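Listing of protein13.cif; format and content: mmCIF, C-alpha atoms.
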```cif
data_model
#
loop_
_atom_site.label_atom_id
_atom_site.label_comp_id
_atom_site.auth_asym_id
_atom_site.auth_seq_id
_atom_site.Cartn_x
_atom_site.Cartn_y
_atom_site.Cartn_z
CA MET N 21 11.58 -7.64 6.56
CA VAL N 22 9.81 -6.95 9.86
CA ILE N 23 10.82 -3.75 11.62
CA LEU N 24 9.94 -3.42 15.31
CA SER N 25 9.29 0.12 16.41
CA LYS N 26 6.74 2.42 18.00
CA PRO N 27 3.12 2.56 16.79
CA ALA N 28 3.06 4.71 13.68
CA ILE N 29 -0.31 4.41 11.98
CA GLU N 30 -3.93 4.56 13.03
CA GLN N 31 -7.31 3.15 12.00
CA PHE N 32 -5.99 0.28 9.90
CA SER N 33 -8.19 -2.50 8.62
CA TYR N 34 -6.82 -5.86 9.71
CA ILE N 35 -7.34 -9.59 9.39
CA ARG N 36 -7.95 -11.84 12.37
CA ASN N 37 -5.49 -14.73 12.42
CA LYS N 38 -4.57 -17.79 14.41
CA GLN N 39 -1.39 -17.71 16.41
CA PRO N 40 1.48 -19.23 14.37
CA ALA N 41 1.92 -22.93 14.98
CA ALA N 42 5.26 -24.68 15.25
CA ALA N 43 6.14 -26.52 12.05
CA SER N 44 9.12 -27.59 10.01
CA PHE N 45 10.16 -25.64 6.92
CA PRO N 46 13.05 -25.85 4.45
CA ILE N 47 16.33 -24.33 5.63
CA VAL N 48 19.02 -23.99 2.97
CA ASP N 49 22.66 -23.31 3.84
CA LEU N 50 24.02 -21.54 0.77
CA SER N 51 27.59 -22.50 1.73
CA LYS N 52 26.85 -26.22 1.39
CA PRO N 53 27.45 -28.14 -1.88
CA ASP N 54 23.93 -29.64 -1.89
CA SER N 55 22.19 -26.26 -1.55
CA LYS N 56 21.24 -26.34 -5.26
CA HIS N 57 19.20 -29.50 -4.83
CA GLN N 58 17.65 -28.26 -1.58
CA ILE N 59 16.47 -25.04 -3.23
CA ILE N 60 14.86 -26.85 -6.16
CA LYS N 61 13.13 -29.33 -3.83
CA ALA N 62 11.84 -26.50 -1.62
CA CYS N 63 10.49 -24.62 -4.65
CA GLU N 64 8.69 -27.73 -5.87
CA GLU N 65 7.28 -28.96 -2.57
CA PHE N 66 6.83 -25.86 -0.39
CA GLY N 67 7.02 -22.71 -2.50
CA PHE N 68 9.34 -21.03 0.00
CA PHE N 69 12.49 -21.63 1.99
CA LYS N 70 14.78 -19.99 4.50
CA VAL N 71 18.39 -19.27 3.54
CA ILE N 72 21.36 -18.98 5.90
CA ASN N 73 25.01 -18.09 5.27
CA LEU N 74 23.69 -15.85 2.56
CA GLY N 75 26.53 -13.38 2.07
CA VAL N 76 24.59 -10.26 3.11
CA PRO N 77 26.69 -8.49 5.78
CA MET N 78 24.89 -8.20 9.10
CA GLU N 79 26.05 -4.59 9.36
CA PHE N 80 24.02 -3.74 6.23
CA ILE N 81 20.93 -5.38 7.71
CA SER N 82 21.33 -3.72 11.12
CA ARG N 83 21.96 -0.29 9.63
CA LEU N 84 18.90 -0.43 7.38
CA GLU N 85 16.70 -1.64 10.24
CA TYR N 86 17.99 1.21 12.40
CA GLU N 87 17.21 3.80 9.73
CA ALA N 88 13.82 2.23 8.97
CA THR N 89 12.84 2.16 12.64
CA LYS N 90 13.64 5.87 12.91
CA PHE N 91 11.58 6.63 9.84
CA PHE N 92 8.49 4.62 10.80
CA SER N 93 8.55 6.24 14.26
CA LEU N 94 8.05 9.68 12.72
CA PRO N 95 4.65 11.43 12.71
CA LEU N 96 2.49 10.52 9.71
CA CYS N 97 2.77 14.03 8.24
CA GLU N 98 6.56 13.68 8.13
CA LYS N 99 6.46 10.26 6.51
CA GLU N 100 4.05 11.45 3.85
CA LYS N 101 6.67 13.96 2.69
CA THR N 102 8.49 11.02 1.15
CA GLY N 103 5.78 10.91 -1.49
CA GLN N 104 2.57 9.01 -2.11
CA PRO N 105 2.89 5.48 -3.57
CA LYS N 106 2.09 6.04 -7.28
CA PRO N 107 3.39 3.40 -7.11
CA TYR N 108 6.69 4.35 -5.40
CA GLY N 109 6.99 6.16 -2.09
CA TYR N 110 5.33 5.87 1.33
CA GLY N 111 1.99 4.12 1.69
CA ASN N 112 -0.27 2.47 4.25
CA LYS N 113 -3.36 0.26 4.41
CA MET N 114 -3.62 -0.39 0.69
CA ILE N 115 -1.20 -3.23 -0.09
CA GLY N 116 -2.04 -4.02 -3.70
CA PRO N 117 -3.81 -2.84 -6.85
CA ASN N 118 -6.84 -5.08 -6.19
CA GLY N 119 -8.09 -3.25 -3.12
CA ASP N 120 -6.33 -5.49 -0.56
CA VAL N 121 -5.83 -3.87 2.82
CA GLY N 122 -3.65 -4.70 5.79
CA TRP N 123 -2.34 -3.57 9.15
CA VAL N 124 0.84 -2.27 7.56
CA GLU N 125 2.73 0.75 6.30
CA TYR N 126 5.54 0.58 3.80
CA LEU N 127 8.10 2.21 1.54
CA LEU N 128 8.39 1.14 -2.09
CA ARG N 129 11.32 1.92 -4.36
CA MET N 130 12.68 0.68 -7.68
CA THR N 131 15.89 -1.31 -7.35
CA ASN N 132 17.48 0.02 -10.52
CA GLN N 133 17.55 3.68 -9.53
CA ASP N 134 20.86 5.50 -9.84
CA PRO N 135 22.85 4.73 -6.63
CA ASN N 136 24.45 8.21 -6.84
CA ILE N 137 21.09 10.00 -6.59
CA ALA N 138 21.63 10.72 -2.88
CA THR N 139 24.78 12.74 -3.50
CA GLU N 140 23.45 14.54 -6.58
CA ASN N 141 20.11 15.79 -5.26
CA PRO N 142 19.54 14.85 -1.60
CA GLU N 143 16.78 17.41 -1.02
CA SER N 144 14.54 15.63 -3.55
CA LEU N 145 14.63 12.33 -1.71
CA GLY N 146 12.03 13.12 0.91
CA THR N 147 11.96 12.20 4.60
CA PHE N 148 13.28 8.66 4.31
CA PHE N 149 15.75 9.05 1.47
CA SER N 150 18.18 11.32 3.29
CA TYR N 151 21.83 10.86 2.37
CA GLN N 152 22.63 8.47 5.25
CA ARG N 153 19.50 6.39 4.73
CA CYS N 154 20.05 6.28 0.99
CA VAL N 155 23.58 4.97 1.49
CA ALA N 156 22.32 2.30 3.91
CA LEU N 157 19.52 1.37 1.49
CA ASN N 158 21.80 1.13 -1.54
CA LYS N 159 24.32 -1.09 0.25
CA TYR N 160 21.57 -3.38 1.46
CA MET N 161 19.81 -3.57 -1.91
CA ALA N 162 23.07 -4.34 -3.74
CA ALA N 163 23.88 -7.20 -1.36
CA VAL N 164 20.37 -8.65 -1.50
CA LYS N 165 20.24 -8.35 -5.29
CA LYS N 166 23.52 -10.28 -5.51
CA MET N 167 22.07 -13.00 -3.29
CA ALA N 168 18.85 -13.11 -5.31
CA CYS N 169 20.79 -13.48 -8.56
CA GLU N 170 22.76 -16.39 -7.12
CA ILE N 171 19.52 -18.11 -6.11
CA LEU N 172 17.96 -17.48 -9.52
CA GLU N 173 21.00 -19.02 -11.19
CA VAL N 174 20.55 -22.08 -8.99
CA VAL N 175 16.91 -22.19 -10.08
CA ALA N 176 17.97 -22.05 -13.73
CA TYR N 177 20.42 -24.89 -13.06
CA GLY N 178 17.68 -26.97 -11.46
CA LEU N 179 15.35 -26.35 -14.39
CA GLN N 180 18.17 -27.32 -16.77
CA ILE N 181 17.87 -24.16 -18.83
CA GLN N 182 20.68 -22.19 -20.42
CA PRO N 183 22.32 -19.78 -20.16
CA ARG N 184 22.72 -19.91 -16.41
CA ASN N 185 21.88 -16.21 -16.01
CA VAL N 186 18.65 -16.42 -18.02
CA LEU N 187 16.63 -15.49 -14.91
CA SER N 188 19.13 -13.41 -12.93
CA LYS N 189 19.75 -11.06 -15.86
CA LEU N 190 16.09 -10.00 -15.61
CA MET N 191 16.96 -8.38 -12.28
CA MET N 192 20.22 -6.83 -13.48
CA ASN N 193 18.72 -5.34 -16.63
CA GLU N 194 18.46 -1.53 -16.58
CA GLN N 195 14.79 -1.84 -17.52
CA SER N 196 14.07 -4.27 -14.67
CA ASP N 197 10.78 -3.69 -12.86
CA SER N 198 12.02 -5.29 -9.64
CA VAL N 199 11.21 -3.27 -6.53
CA PHE N 200 12.36 -2.97 -2.94
CA ARG N 201 9.61 -2.88 -0.33
CA LEU N 202 10.19 -2.12 3.33
CA ASN N 203 7.24 -3.06 5.56
CA HIS N 204 6.40 -2.02 9.10
CA TYR N 205 3.69 -3.82 11.08
CA PRO N 206 2.68 -1.74 14.12
CA PRO N 207 1.01 -3.25 17.20
CA CYS N 208 -2.41 -4.70 16.42
CA PRO N 209 -4.90 -4.76 19.32
CA ASP N 210 -6.68 -7.97 18.29
CA VAL N 211 -4.82 -10.65 16.35
CA LEU N 212 -6.41 -13.89 17.53
CA GLN N 213 -9.44 -15.69 15.98
CA SER N 214 -9.18 -17.75 12.83
CA LEU N 215 -9.30 -17.28 9.10
CA ASN N 216 -9.51 -20.26 6.75
CA SER N 217 -6.78 -20.14 4.08
CA ASN N 218 -3.52 -21.70 3.03
CA ARG N 219 -1.36 -20.97 6.08
CA ARG N 220 1.77 -22.98 5.27
CA PHE N 221 4.05 -19.97 5.07
CA LEU N 222 2.25 -18.06 7.80
CA ASP N 223 2.33 -20.80 10.42
CA SER N 224 5.81 -22.13 9.88
CA SER N 225 8.05 -19.10 9.57
CA PRO N 226 8.87 -17.10 12.72
CA PRO N 227 10.85 -13.85 12.24
CA ASP N 228 14.61 -14.22 12.04
CA GLN N 229 16.87 -11.20 11.50
CA HIS N 230 19.90 -13.33 10.57
CA SER N 231 18.38 -15.06 7.54
CA PHE N 232 16.01 -14.53 4.62
CA PHE N 233 12.79 -16.21 3.56
CA ILE N 234 12.42 -16.67 -0.19
CA ASN N 235 9.00 -16.98 -1.86
CA VAL N 236 8.51 -18.57 -5.26
CA GLY N 237 5.75 -16.11 -6.21
CA ASP N 238 3.09 -16.27 -8.91
CA SER N 239 5.38 -15.29 -11.80
CA LEU N 240 7.83 -18.12 -11.22
CA GLN N 241 5.01 -20.62 -10.84
CA VAL N 242 3.70 -19.57 -14.24
CA MET N 243 7.18 -19.55 -15.83
CA THR N 244 7.79 -23.13 -14.63
CA ASN N 245 4.36 -24.32 -15.78
CA GLY N 246 3.38 -25.16 -12.21
CA ARG N 247 6.51 -27.13 -11.30
CA PHE N 248 7.34 -24.54 -8.63
CA LYS N 249 4.62 -23.64 -6.14
CA SER N 250 3.48 -20.13 -5.27
CA VAL N 251 2.21 -20.30 -1.71
CA LYS N 252 -0.19 -17.86 -0.08
CA HIS N 253 1.45 -16.01 2.77
CA ARG N 254 0.87 -13.16 5.17
CA VAL N 255 2.24 -11.62 8.34
CA VAL N 256 0.67 -12.14 11.76
CA ALA N 257 0.76 -8.85 13.63
CA ASN N 258 1.85 -8.65 17.26
CA SER N 259 -0.47 -7.07 19.82
CA VAL N 260 2.22 -5.19 21.76
CA LYS N 261 5.19 -4.49 19.46
#
```
For this file, produce the structure as structure tokens.
Amino acid sequence: MVILSKPAIEQFSYIRNKQPAAASFPIVDLSKPDSKHQIIKACEEFGFFKVINLGVPMEFISRLEYEATKFFSLPLCEKEKTGQPKPYGYGNKMIGPNGDVGWVEYLLRMTNQDPNIATENPESLGTFFSYQRCVALNKYMAAVKKMACEILEVVAYGLQIQPRNVLSKLMMNEQSDSVFRLNHYPPCPDVLQSLNSNRRFLDSSPPDQHSFFINVGDSLQVMTNGRFKSVKHRVVANSVK
């Protein structure tokens, strides 16, 4: 998710990129009968796809974006009160365990945390996880998790494996290691020049607040023995917003 707000971080390392080029990419309407086949084809040929009519209420999306924008607009000292990313909490620059860096700041949270935590101990939640923001976050995560499970069940159907929930139950399990990550990309002063890499996802996917982009990811590529493609992807920062 891309959140547009005021500049919030300083002295970030960044990658120089080409401007995104216009290109076609898979669009799957989840309300259509042939969506199952479209998803499987997109996973095999592209490694990503865009979903529409996804069942996530727009009010949940708008509310979370509103709360996130307020949070990322806070001074750094306030945001750091949320906790350092070890691995969960607020972080910036470092975007992975391998030393990767980016022009980004983020919040990371487990998706299987108790949804009642906000009402039981709100003072322990830090700057972002106030009661109102926690409610907005939990509603959004629940809706997105439901959508993700539906897509994973379609994937299982396409792979002809049983039971149908063999993949989706991995997310619903209490011991699930699935996480929710909220990214903010502040204005970047210089985002032109080129970098040679696989840019399929980068160049073909403009932001769209009314739909979701789904990545196959490395794990699913391995689990399908290479039948599904994990595509390299990144975000192109904007120089003014």
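Minimum atom-to-atom distances from N:Phe80, N:Phe69, N:Phe232, N:Tyr126 to Val48 (chain N) were compared using all atoms listed in the file, and the lowest value belongs to N:Phe69.
Every residue that the PyMOL selection byres ((chain N and resi 238) around 12) selects in this file is listed here: Cys63, Gly67, Phe68, Asn235, Val236, Gly237, Ser239, Leu240, Gln241, Val242, Met243, Thr244, Asn245, Gly246, Arg247, Phe248, Lys249, Ser250, Val251, Lys252 and His253 of chain N.
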Quick one: everything within 10 Å of Pro77 (chain N), counting all atoms listed in the file, minus sequence neighbours fewer than 3 positions away in the same chain. Send it as an MDAnalysis selection string. chainID N and resid 73:74 80:82 159:160 163:164 230
N:Pro183, N:Pro206, N:Pro46, N:Gly75: which is nearest Glu170 (chain N), counting only C-alpha atoms? N:Gly75
For this structure, which residues satisfy the selection - the PyMOL selection byres ((chain N and resi 258) around 9) - when it is evaluated on the file as given? I want them as a VMD selection string. chain N and resid 205 to 211 256 to 257 259 to 261
File of the preceding selection, C-alpha atoms, as a compact mmCIF listing (two decimals), keeping the file's coordinate frame:
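Result written to out-v9.txt:
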```txt
# COMPACT_ATOMS: atom_id res chain seq x y z
CA TYR N 205 3.69 -3.82 11.08
CA PRO N 206 2.68 -1.74 14.12
CA PRO N 207 1.01 -3.25 17.20
CA CYS N 208 -2.41 -4.70 16.42
CA PRO N 209 -4.90 -4.76 19.32
CA ASP N 210 -6.68 -7.97 18.29
CA VAL N 211 -4.82 -10.65 16.35
CA VAL N 256 0.67 -12.14 11.76
CA ALA N 257 0.76 -8.85 13.63
CA SER N 259 -0.47 -7.07 19.82
CA VAL N 260 2.22 -5.19 21.76
CA LYS N 261 5.19 -4.49 19.46
```
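Selection by the PyMOL selection byres ((chain N and resi 169) around 9) on the present file picks out Val164, Lys165, Lys166, Met167, Ala168, Glu170, Ile171, Leu172, Glu173, Val174, Asn185, Leu187, Ser188, Lys189, Met191 and Met192 of chain N.
One distance worth recording is that between CA of Asp120 (chain N) and CA of Gln229 (chain N), which is 26.8 Å.
The spacing separating CA of Pro105 (chain N) from CA of Arg129 (chain N) amounts to 9.2 Å.
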